[in-house]
Every structure is written in C-alpha cells, then in structure tokens.
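Engineer: Dropping in my_file.csv, which is CSV, C-alpha atoms:
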```csv
chain,number,residue,atom,x,y,z
A,30,MET,CA,0.0,0.0,0.0
A,31,VAL,CA,2.8,2.4,0.9
A,32,GLU,CA,4.6,2.0,-2.3
A,33,GLU,CA,1.4,2.2,-4.3
A,34,ILE,CA,0.5,5.6,-2.9
A,35,ALA,CA,4.0,6.9,-3.1
A,36,LYS,CA,4.1,6.3,-6.8
A,37,VAL,CA,0.5,7.5,-7.5
A,38,GLU,CA,1.5,10.5,-9.7
A,39,GLU,CA,3.6,8.2,-11.9
A,40,GLN,CA,0.9,5.5,-12.0
A,41,LYS,CA,-1.8,8.0,-12.9
A,42,LYS,CA,-0.4,8.1,-16.4
A,43,LYS,CA,-1.0,4.3,-16.7
A,44,VAL,CA,-4.7,4.5,-15.7
A,45,ASN,CA,-7.0,3.6,-18.6
A,46,SER,CA,-8.3,6.8,-20.1
A,47,LYS,CA,-11.8,5.5,-19.6
A,48,SER,CA,-11.3,5.1,-15.9
A,49,LEU,CA,-12.3,8.0,-13.6
A,50,ALA,CA,-11.0,7.9,-10.0
A,51,CYS,CA,-13.0,9.8,-7.4
A,52,GLY,CA,-13.1,10.4,-3.6
A,53,LEU,CA,-16.2,11.1,-1.6
A,54,ASP,CA,-16.0,12.3,2.0
A,55,ILE,CA,-19.4,11.7,3.6
A,56,GLY,CA,-19.5,14.1,6.5
A,57,THR,CA,-22.3,15.0,8.8
A,58,MET,CA,-22.0,18.7,8.0
A,59,ASN,CA,-20.4,18.6,4.6
A,60,LEU,CA,-20.0,16.3,1.6
A,61,VAL,CA,-16.7,16.7,-0.2
A,62,PHE,CA,-16.1,15.3,-3.7
A,63,GLY,CA,-13.0,15.1,-5.9
A,64,ARG,CA,-12.2,13.4,-9.2
A,65,SER,CA,-8.9,12.6,-10.9
A,66,ASP,CA,-9.6,14.7,-14.0
A,67,LYS,CA,-10.0,17.8,-11.8
A,68,ARG,CA,-7.3,17.2,-9.1
A,69,ASP,CA,-7.2,20.8,-7.8
A,70,GLU,CA,-11.0,21.2,-7.5
A,71,PHE,CA,-13.2,19.9,-4.7
A,72,ASN,CA,-16.9,20.1,-4.6
A,73,ILE,CA,-18.1,21.0,-1.1
A,74,THR,CA,-21.8,20.8,-0.3
A,75,ARG,CA,-23.4,21.4,3.1
A,76,ASN,CA,-25.1,18.1,4.1
A,77,MET,CA,-28.4,19.6,5.0
A,78,PHE,CA,-31.8,20.5,3.6
A,79,LEU,CA,-35.0,22.5,4.2
A,80,LYS,CA,-38.2,20.7,3.1
A,81,LEU,CA,-41.0,22.8,1.7
A,82,ASP,CA,-44.4,21.8,0.1
A,83,ILE,CA,-44.4,22.5,-3.6
A,84,GLU,CA,-47.2,25.0,-3.2
A,85,GLU,CA,-45.3,27.0,-0.6
A,86,VAL,CA,-42.8,28.6,-3.0
A,87,PRO,CA,-43.3,29.6,-6.6
A,88,MET,CA,-40.8,27.8,-8.8
A,89,GLN,CA,-39.6,31.1,-10.3
A,90,ASP,CA,-38.4,32.1,-6.9
A,91,LEU,CA,-36.0,29.2,-6.8
A,92,LYS,CA,-34.0,29.9,-9.9
A,93,GLU,CA,-31.0,31.0,-8.0
A,94,ILE,CA,-31.4,28.6,-5.1
A,95,SER,CA,-30.0,25.0,-4.9
A,96,HIS,CA,-33.0,22.7,-4.7
A,97,LEU,CA,-34.4,19.3,-5.6
A,98,GLU,CA,-37.9,18.2,-6.4
A,99,ILE,CA,-38.9,14.8,-5.1
A,100,GLY,CA,-42.6,13.9,-5.3
A,101,ASP,CA,-44.7,16.8,-4.0
A,102,SER,CA,-41.9,18.4,-2.1
A,103,ILE,CA,-39.1,20.8,-2.7
A,104,TYR,CA,-35.8,20.4,-0.8
A,105,ILE,CA,-33.6,23.4,-0.5
A,106,ILE,CA,-30.2,21.9,-0.2
A,107,GLY,CA,-26.6,22.8,0.8
A,108,GLU,CA,-25.6,26.3,1.8
A,109,ASP,CA,-28.9,27.8,0.7
A,110,SER,CA,-30.8,25.7,3.1
A,111,PHE,CA,-28.5,26.8,6.0
A,112,ARG,CA,-29.0,30.5,5.1
A,113,MET,CA,-32.7,30.3,4.6
A,114,ALA,CA,-33.2,28.4,7.9
A,115,ASN,CA,-31.3,31.1,9.8
A,116,LEU,CA,-33.2,33.8,7.9
A,117,PHE,CA,-36.6,32.4,8.8
A,118,ASN,CA,-35.6,31.1,12.2
A,119,LYS,CA,-36.3,27.5,11.2
A,120,HIS,CA,-34.5,24.3,12.1
A,121,VAL,CA,-32.5,22.9,9.1
A,122,SER,CA,-32.9,19.2,8.5
A,123,ARG,CA,-29.8,17.0,8.5
A,124,PRO,CA,-29.7,13.7,6.6
A,125,MET,CA,-26.9,12.5,9.0
A,126,GLU,CA,-26.2,12.7,12.7
A,127,ARG,CA,-23.3,11.5,14.8
A,128,GLY,CA,-21.4,10.6,11.6
A,129,MET,CA,-24.1,8.3,10.2
A,130,ILE,CA,-27.4,8.3,8.3
A,131,SER,CA,-30.0,9.8,10.6
A,132,PRO,CA,-32.6,7.3,11.9
A,133,SER,CA,-35.1,10.2,12.4
A,134,GLU,CA,-35.1,11.8,9.0
A,135,ILE,CA,-37.4,9.8,6.7
A,136,ASP,CA,-36.2,11.7,3.6
A,137,ALA,CA,-32.5,11.3,4.4
A,138,ILE,CA,-31.7,8.6,1.8
A,139,ASP,CA,-33.6,10.2,-1.0
A,140,VAL,CA,-31.9,13.5,-0.4
A,141,LEU,CA,-28.5,12.0,-0.1
A,142,THR,CA,-28.9,10.0,-3.3
A,143,ALA,CA,-29.9,13.1,-5.2
A,144,ILE,CA,-27.0,15.2,-3.8
A,145,VAL,CA,-24.4,12.6,-4.4
A,146,LYS,CA,-25.6,12.1,-8.0
A,147,ASN,CA,-25.3,15.8,-8.6
A,148,MET,CA,-21.7,15.8,-7.2
A,149,PHE,CA,-20.5,13.2,-9.6
A,150,GLY,CA,-21.5,15.4,-12.5
A,151,ASP,CA,-20.9,14.2,-16.1
A,152,THR,CA,-19.4,10.7,-16.2
A,153,LYS,CA,-20.5,9.7,-19.6
A,154,ASP,CA,-18.4,7.0,-21.3
A,155,LYS,CA,-16.3,6.6,-18.1
A,156,ASP,CA,-15.8,3.7,-15.8
A,157,VAL,CA,-16.2,5.4,-12.4
A,158,TYR,CA,-14.4,4.2,-9.2
A,159,VAL,CA,-14.7,5.9,-5.9
A,160,SER,CA,-13.4,5.5,-2.3
A,161,TYR,CA,-16.0,6.8,0.1
A,162,SER,CA,-15.4,7.6,3.8
A,163,ILE,CA,-16.9,5.7,6.7
A,164,PRO,CA,-16.4,6.4,10.5
A,165,ALA,CA,-14.9,3.9,12.9
A,166,GLU,CA,-17.1,2.3,15.6
A,167,ALA,CA,-17.7,4.8,18.4
A,168,VAL,CA,-16.4,4.2,21.9
A,169,ASP,CA,-19.3,6.1,23.5
A,170,LEU,CA,-22.3,5.1,21.3
A,171,ASP,CA,-23.8,1.6,20.9
A,172,ARG,CA,-24.6,1.9,17.2
A,173,SER,CA,-23.0,-0.1,14.4
A,174,VAL,CA,-21.5,1.5,11.3
A,175,THR,CA,-22.8,-1.4,9.1
A,176,TYR,CA,-26.2,0.1,8.1
A,177,HIS,CA,-24.6,3.4,7.2
A,178,GLU,CA,-21.8,1.7,5.1
A,179,LYS,CA,-24.2,-0.6,3.3
A,180,VAL,CA,-26.8,2.2,2.4
A,181,PHE,CA,-24.1,4.3,0.8
A,182,SER,CA,-22.9,1.2,-1.0
A,183,ARG,CA,-26.4,0.7,-2.4
A,184,ILE,CA,-26.6,4.4,-3.4
A,185,LEU,CA,-23.4,4.2,-5.3
A,186,THR,CA,-24.4,0.9,-6.9
A,187,SER,CA,-27.6,2.6,-8.1
A,188,LEU,CA,-25.5,5.3,-9.8
A,189,GLY,CA,-23.4,2.7,-11.6
A,190,VAL,CA,-20.3,3.5,-9.6
A,191,ASN,CA,-17.6,1.0,-8.5
A,192,HIS,CA,-16.9,1.7,-4.9
A,193,LYS,CA,-14.9,0.8,-1.8
A,194,SER,CA,-15.3,2.1,1.8
A,195,VAL,CA,-12.3,3.6,3.6
A,196,ASN,CA,-11.9,4.8,7.2
A,197,GLU,CA,-11.9,8.6,7.1
A,198,SER,CA,-8.9,9.0,9.4
A,199,MET,CA,-6.8,6.6,7.4
A,200,ALA,CA,-7.6,8.8,4.4
A,201,ILE,CA,-6.0,11.7,6.2
A,202,ILE,CA,-2.8,9.6,6.7
A,203,TYR,CA,-2.8,8.7,3.0
A,204,ALA,CA,-3.0,12.4,2.1
A,205,GLU,CA,-0.6,13.9,4.7
A,206,CYS,CA,2.0,11.3,5.9
A,207,ALA,CA,3.9,10.3,2.8
A,208,LYS,CA,7.2,11.7,4.2
A,209,GLU,CA,6.7,9.6,7.3
A,210,ASN,CA,6.2,6.5,5.3
A,211,TYR,CA,2.5,6.6,6.2
A,212,THR,CA,3.1,6.3,9.9
A,213,GLY,CA,1.2,8.6,12.2
A,214,ILE,CA,-2.1,9.4,13.9
A,215,GLY,CA,-4.9,11.0,11.8
A,216,ILE,CA,-7.7,12.9,13.6
A,217,SER,CA,-10.8,14.0,11.8
A,218,PHE,CA,-12.8,16.5,13.9
A,219,GLY,CA,-16.0,16.4,12.0
A,220,ALA,CA,-19.4,17.6,12.9
A,221,GLY,CA,-21.0,14.4,14.0
A,222,MET,CA,-18.0,12.5,15.2
A,223,CYS,CA,-14.3,12.7,16.0
A,224,ASN,CA,-12.5,9.9,14.2
A,225,VAL,CA,-9.0,8.7,15.1
A,226,ALA,CA,-6.7,6.2,13.4
A,227,CYS,CA,-3.1,5.2,14.0
A,228,SER,CA,-1.1,3.8,11.1
A,229,TYR,CA,2.3,2.1,11.0
A,230,LYS,CA,3.9,2.2,7.6
A,231,GLY,CA,0.6,2.2,5.9
A,232,VAL,CA,-1.0,-0.5,8.0
A,233,GLU,CA,-4.0,0.4,10.2
A,234,VAL,CA,-3.1,-0.4,13.8
A,235,PHE,CA,-6.2,0.9,15.5
A,236,LYS,CA,-9.2,3.2,14.9
A,237,PHE,CA,-12.1,4.5,16.9
A,238,SER,CA,-14.5,7.4,17.0
A,239,THR,CA,-16.3,9.5,19.6
A,240,THR,CA,-19.5,11.4,19.4
A,241,ARG,CA,-18.0,14.5,20.9
A,242,SER,CA,-17.2,16.9,18.1
A,243,GLY,CA,-18.8,19.9,16.3
A,244,ASP,CA,-22.5,19.0,16.7
A,245,TRP,CA,-21.9,18.0,20.4
A,246,ILE,CA,-20.4,21.5,20.9
A,247,ASP,CA,-23.1,23.3,19.1
A,248,ASN,CA,-26.0,21.4,20.7
A,249,ASN,CA,-24.6,21.9,24.2
A,250,VAL,CA,-24.1,25.6,23.6
A,251,ALA,CA,-27.6,25.8,22.2
A,252,ASN,CA,-29.1,24.0,25.2
A,253,SER,CA,-27.1,26.1,27.7
A,254,LEU,CA,-28.3,29.4,26.2
A,255,ASP,CA,-31.7,28.3,24.9
A,256,ILE,CA,-31.1,29.1,21.2
A,257,MET,CA,-31.2,27.2,18.0
A,258,SER,CA,-28.1,25.1,17.2
A,259,ASN,CA,-27.8,26.4,13.6
A,260,ARG,CA,-27.5,29.9,15.1
A,261,VAL,CA,-24.6,28.7,17.2
A,262,THR,CA,-23.0,27.2,14.1
A,263,ASN,CA,-23.3,30.5,12.3
A,264,ILE,CA,-21.7,32.5,15.1
A,265,LYS,CA,-19.0,29.9,15.5
A,266,GLU,CA,-18.0,30.0,11.8
A,267,LYS,CA,-18.1,33.8,11.7
A,268,TYR,CA,-16.4,34.9,14.9
A,269,LEU,CA,-14.7,32.1,16.9
A,270,ASN,CA,-11.0,32.2,17.7
A,271,LEU,CA,-10.1,30.1,20.6
A,272,THR,CA,-7.0,32.1,21.4
A,273,GLU,CA,-8.8,35.5,21.5
A,274,ASP,CA,-10.7,37.0,24.4
A,275,PHE,CA,-14.4,36.5,23.8
A,276,SER,CA,-15.3,39.3,26.2
A,277,THR,CA,-14.1,41.9,23.7
A,278,ASN,CA,-17.0,41.3,21.3
A,279,PRO,CA,-19.4,44.2,21.5
A,280,ASN,CA,-22.6,42.1,20.9
A,281,LYS,CA,-23.8,40.7,24.2
A,282,LYS,CA,-25.6,37.7,22.6
A,283,VAL,CA,-22.6,36.8,20.4
A,284,LYS,CA,-20.3,37.2,23.4
A,285,ARG,CA,-22.3,34.7,25.5
A,286,VAL,CA,-22.2,32.2,22.6
A,287,LEU,CA,-18.5,32.6,22.1
A,288,GLU,CA,-17.9,32.1,25.9
A,289,ALA,CA,-19.8,28.8,25.8
A,290,LEU,CA,-18.0,27.7,22.7
A,291,HIS,CA,-14.6,28.2,24.4
A,292,TYR,CA,-15.7,26.0,27.3
A,293,TYR,CA,-17.1,23.2,25.2
A,294,TYR,CA,-14.2,23.2,22.7
A,295,GLY,CA,-11.8,22.8,25.6
A,296,ALA,CA,-13.9,19.9,27.0
A,297,MET,CA,-14.1,18.1,23.6
A,298,ILE,CA,-10.3,18.4,23.0
A,299,ASP,CA,-9.5,17.1,26.5
A,300,TYR,CA,-11.9,14.2,26.1
A,301,THR,CA,-10.4,13.3,22.7
A,302,VAL,CA,-6.8,13.3,23.9
A,303,LYS,CA,-7.8,11.1,26.9
A,304,CYS,CA,-9.5,8.6,24.5
A,305,ILE,CA,-6.4,8.5,22.3
A,306,ILE,CA,-4.2,7.7,25.3
A,307,LYS,CA,-6.6,5.0,26.5
A,308,GLN,CA,-6.9,3.4,23.1
A,309,PHE,CA,-3.2,3.5,22.5
A,310,ASP,CA,-2.5,1.7,25.8
A,311,LYS,CA,-5.2,-0.8,25.1
A,312,LYS,CA,-4.6,-1.7,21.4
A,313,PHE,CA,-1.1,-0.9,20.4
A,314,ASP,CA,1.3,-3.9,20.8
A,315,LEU,CA,4.2,-2.6,18.6
A,316,GLU,CA,7.2,-0.9,20.0
A,317,ILE,CA,7.5,2.2,17.8
A,318,ASP,CA,11.1,3.3,17.1
A,319,GLU,CA,10.2,6.7,15.6
A,320,PRO,CA,8.2,9.6,16.9
A,321,LEU,CA,4.6,9.9,15.5
A,322,PRO,CA,3.2,12.9,13.8
A,323,ILE,CA,-0.4,13.9,14.7
A,324,ILE,CA,-2.5,15.3,11.8
A,325,VAL,CA,-5.4,17.4,13.0
A,326,SER,CA,-8.1,17.8,10.4
A,327,GLY,CA,-11.8,18.2,9.8
A,328,GLY,CA,-14.2,21.2,9.8
A,329,THR,CA,-14.4,21.5,13.6
A,330,SER,CA,-10.6,22.1,13.6
A,331,LEU,CA,-11.0,25.2,11.4
A,332,ALA,CA,-11.7,27.4,14.5
A,333,GLY,CA,-9.0,30.0,14.9
A,334,GLY,CA,-6.4,28.8,17.5
A,335,PHE,CA,-7.6,25.2,17.5
A,336,LEU,CA,-4.2,23.7,16.8
A,337,LYS,CA,-2.6,25.7,19.6
A,338,ILE,CA,-5.2,24.7,22.1
A,339,PHE,CA,-5.0,21.0,21.0
A,340,SER,CA,-1.2,21.1,21.2
A,341,GLU,CA,-1.2,22.7,24.7
A,342,ASN,CA,-3.5,19.9,25.9
A,343,ILE,CA,-1.3,17.2,24.5
A,344,ASN,CA,1.8,18.7,26.1
A,345,LYS,CA,0.2,18.7,29.5
A,346,LYS,CA,-0.5,15.0,29.5
A,347,GLU,CA,1.7,11.9,29.8
A,348,ILE,CA,1.2,10.1,26.5
A,349,PRO,CA,2.5,6.6,25.6
A,350,PHE,CA,4.4,7.7,22.5
A,351,VAL,CA,6.7,10.4,21.3
A,352,VAL,CA,5.1,13.1,19.1
A,353,SER,CA,7.3,14.4,16.3
A,354,GLN,CA,4.9,17.1,15.2
A,355,ILE,CA,1.3,18.3,15.5
A,356,ARG,CA,0.1,19.8,12.2
A,357,GLN,CA,-2.9,20.6,10.0
A,358,PRO,CA,-3.3,20.0,6.3
A,359,ALA,CA,-3.3,23.0,4.0
A,360,ASN,CA,-7.1,22.6,3.8
A,361,PRO,CA,-8.5,20.6,6.8
A,362,LEU,CA,-11.9,20.5,5.1
A,363,THR,CA,-10.7,18.6,2.0
A,364,ALA,CA,-7.9,16.4,3.4
A,365,VAL,CA,-10.0,13.3,3.8
A,366,CYS,CA,-11.3,13.6,0.2
A,367,GLN,CA,-7.8,14.1,-1.1
A,368,GLY,CA,-6.7,10.9,0.7
A,369,LEU,CA,-9.7,9.0,-0.7
A,370,LEU,CA,-8.8,10.1,-4.2
A,371,ILE,CA,-5.2,9.0,-3.7
A,372,LYS,CA,-6.4,5.6,-2.4
A,373,THR,CA,-8.7,5.1,-5.5
A,374,MET,CA,-5.9,6.0,-7.9
A,375,ALA,CA,-3.5,3.6,-6.1
A,376,ASP,CA,-6.1,0.8,-6.3
A,377,LEU,CA,-6.6,1.4,-10.0
A,378,THR,CA,-3.0,0.9,-10.8
A,379,THR,CA,-2.4,-2.4,-9.0
```
Any chance you could give the structure as structure tokens?

Structural biologist:
Amino acid sequence: MVEEIAKVEEQKKKVNSKSLACGLDIGTMNLVFGRSDKRDEFNITRNMFLKLDIEEVPMQDLKEISHLEIGDSIYIIGEDSFRMANLFNKHVSRPMERGMISPSEIDAIDVLTAIVKNMFGDTKDKDVYVSYSIPAEAVDLDRSVTYHEKVFSRILTSLGVNHKSVNESMAIIYAECAKENYTGIGISFGAGMCNVACSYKGVEVFKFSTTRSGDWIDNNVANSLDIMSNRVTNIKEKYLNLTEDFSTNPNKKVKRVLEALHYYYGAMIDYTVKCIIKQFDKKFDLEIDEPLPIIVSGGTSLAGGFLKIFSENINKKEIPFVVSQIRQPANPLTAVCQGLLIKTMADLTT
C-alpha cells in the first residue's frame, strides 16, 4: 500500500483513459467530492436540507437557489438551506447525525442520493471508481456502522459507480503522511464524530471514534443558552477564535455564545486526547522506534487557534508515544477527500 500511494502520480499516467478515480468524503456537516480529471478542484456541499411543500414557494423564486424536487416536495439543499433556515428562524434538516445516516429523517436517503448524484457530474463514457469515507465504531455510542456503510454502497451501486469504503482518518494519513512512510495518527474532527486512526507504515493499527465533536459542541451551547443550534454554528463560523478574548465582542448575545463555545471546545479536546491515550495503551502492541506525527483535520478544527489549544492539551499529559509534530493539512476540510482520491488512484494501478 505504501509503495502504491508513493508512486501515485507516476501511476496516474498508466490508468486507462476511460477510468475515472474519485473520492467522496461523507461528513455529517459537509459532503466533499473530488475526481482525478480535476485534481485541484473539490466540490463541497453542506449536508443539510430544508423541506417545503411544492405549493409554498413559486418555482420562479427558486431559480438562484440550490434545490431538488422529489414527489410533491421541494428540498432546498446545501448552503442555501442553511442560510434560509437562519433567515426564517427554522431548524435545518440533517440527513446524517453522529457521523451516520439519521434514523429520524425519513427523507435522508432520497436527499443524499440526489445530492451525491449531482456531485459526480458528467461521467458519460467513463468507468467510475470511488473510495468513500466511513467512520470507525464509536467508543461512546452503541450503534454499528454497518447500516450506514451498506446504504451508501447501495446508493453508489444505483448510480453505476464502482466503490470501496475507507476509514476517514486513514484517508488523512494517505493524504498527509507520505514523508513519514504513512506512519502517524490522523484525527478528523468532523461535525457528527471525531474519528481517530493510527497507522504504522501504511498498516492500520487501531481506529475509533467518539460522538463529541462539532455538533456535540453546538448542541450543548444551544441547550445552555436556549437558542437554535444552527444559530450557534453560524456564530462559530463567523467569529470564533479560541486564542482570543471572547469578552471583547461588542454584541452581548454573540459574546455569550463565544464564551460557551470556548468551554465546550476545551472539553471536547480534552476528552479526545484522553481517549487517544486509552486506546493507544489498550490496542497498540508494537514498539515504535520513531516519533509519531499527529495530523489534525476536519471542519471543527477550522476554528481559529484550534491547533494551539490542542497542542497545549497534549503537552500537559503523559502520552505513551513520542510526538514528532502536530500539524494541520493545508485545507482541513478537503484532506479526507484528497486521501480517498489517492487511495482510489492507487487501487486502479495495481
């Protein structure tokens, strides 16, 4: 596996011109898609929707808005659904929760199928291959990943796409740890889950996930302050910097949200680091000769100052391995998809 990925650029030339390699990162907050014929472009779509009856909104009013028509309903999707929900003080619907397909959203699979189909775009006369991300089993949730994995397999099969599931944190290592011979710890701080994987020279050693990540933060802040969680998300994305003093914000309501966000971010980071130490002690049987890099990625890690707070927490604890470096990808939001694309291309040339 290591040699395959290391030579991926050279091998790309050998791939049949009819073959199209793709990566699909299926996140609770965002879907990220990339394809080998557009290596520097990633399609990022908010994984959410706002359902309306077809009589509620004249079709001419939706010309500039991303939407789908399914039966007698209209689904505003992506960023437009997020903005409209905030504008009209409505709850946005989420096809996924805690990293997997939501059991409470009856329309989830139909909406996800339509969104994924749109993301693939024109694949005429191409043999399409995709690696799609799945989470690891959670240490704090008694729920299997199997249903989620198999439903997306069915969706991709219905679209005529050859597919393979890949752990999302291993995808980070494929994308970011070539210089370390694919040895390291990849952490994906997503919305629904925090996923962690440890790799030794390209071989997965252990993986796990927790349900404490972006949504856990937003929901706890919302409950603490009695506001809607998508309002919290909006403020977080606009104003949050974990190394800045929240009390300087002139807006009293925003200030309260930022204060709560600081507290819950700190609690989530501390919980994650403790879980890494516990899982490492429990599952890692190898004696590691070299220090391990930690790659911190995912949308929740985009908050200003996140890497500094995470590093400070690590440095305060006794951990059972030597850390060589703690770093972020150039784009934490697309790193998983980049690794999935690399994995697909490597598989096509073996």

Engineer: I need the residue nearest A:Thr363 from this list: A:Ile103, A:Ile324, A:Ala50, A:Ile73. Use all atoms listed in the file for the distance.

Structural biologist: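 Among the listed residues, the smallest separation from A:Thr363 belongs to A:Ile73.
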
Engineer: Quick one: residues within 8 Å of A:Leu49, only C-alpha atoms counted, chain neighbours fewer than 6 positions away excluded, as a list in words?

Structural biologist: Arg64, Ser65, Asp66, Lys155, Asp156, Val157 and Tyr158 of chain A

Engineer: From the options A:Glu205, A:Glu98, A:Glu197, A:Asp136, which residue's atoms come nearest to A:Pro164, counting all atoms listed in the file?

Structural biologist: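 For A:Pro164, the nearest of the candidates is A:Glu197.
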
Engineer: Check the smallest atom-to-atom distance from each of A:Val145, A:Ala332, A:Ile306, A:Ala251 to A:Val190 using all atoms listed in the file, then report the winner.

Structural biologist: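 Distance minimum relative to A:Val190 lands on A:Val145.
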
Engineer: Would you mind reading off the distance between atom CA of A:Ile55 and atom CA of A:Ala167, one decimal, in Å?

Structural biologist: 16.4 Å

Engineer: Leaving out A:Ile99 and any residue of its chain fewer than 6 positions from it, which residues lie within 12 Å of it when counting all atoms listed in the file, given as an MDAnalysis selection string?

Structural biologist: chainID A and resid 80:83 105 136:144

Engineer: Keeping only C-alpha atoms, write the selected residues to a file as a short mmCIF file (atom, residue, chain, number, x, y, z; two decimals), in the coordinates of the input.

Structural biologist:
```cif
data_model
loop_
_atom_site.label_atom_id
_atom_site.label_comp_id
_atom_site.auth_asym_id
_atom_site.auth_seq_id
_atom_site.Cartn_x
_atom_site.Cartn_y
_atom_site.Cartn_z
CA LYS A 80 -38.20 20.70 3.10
CA LEU A 81 -41.00 22.80 1.70
CA ASP A 82 -44.40 21.80 0.10
CA ILE A 83 -44.40 22.50 -3.60
CA ILE A 105 -33.60 23.40 -0.50
CA ASP A 136 -36.20 11.70 3.60
CA ALA A 137 -32.50 11.30 4.40
CA ILE A 138 -31.70 8.60 1.80
CA ASP A 139 -33.60 10.20 -1.00
CA VAL A 140 -31.90 13.50 -0.40
CA LEU A 141 -28.50 12.00 -0.10
CA THR A 142 -28.90 10.00 -3.30
CA ALA A 143 -29.90 13.10 -5.20
CA ILE A 144 -27.00 15.20 -3.80
#
```

Engineer: Pick out the closest residue to A:Ile214 from this set: A:Thr240, A:Asn280, A:Ser182, A:Ser326. Count only C-alpha atoms.

Structural biologist: A:Ser326

Engineer: Given only C-alpha atoms as the basis, pick out the residue of A:Gln308, A:Ser122, A:Gln367, A:Ser48 nearest to A:Val234.

Structural biologist: A:Gln308

Engineer: Select, from A:Pro361, A:Gly243, A:Gly368, A:Gly52, the residue with the minimum atom-to-atom distance to A:Met222, counting all atoms listed in the file.

Structural biologist: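 The answer is A:Gly243, which sits nearest to A:Met222.
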
Engineer: For stretch 127-131 of chain A, please output as a ChimeraX atom specification all residues within 9 Å (counting all atoms listed in the file; exclusion window: fewer than 3 positions along the same chain).

Structural biologist: /A:55-58,123-124,134-135,137-138,163-164,174,176-178,180,219-223,239-242,244-245

Engineer: Excluding A:Glu288 and its own-chain neighbours fewer than 5 positions away, which residues fall within 9 Å of it when counting only C-alpha atoms? Please give them as a ChimeraX atom specification.

Structural biologist: /A:274-276,283,293

Engineer: As an exercise, work out the distance from atom CA of A:Lys92 to atom CA of A:Arg75 in Å and give it to one decimal place.

Structural biologist: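 One can read the atom CA of A:Lys92 to atom CA of A:Arg75 distance as 18.8 Å.
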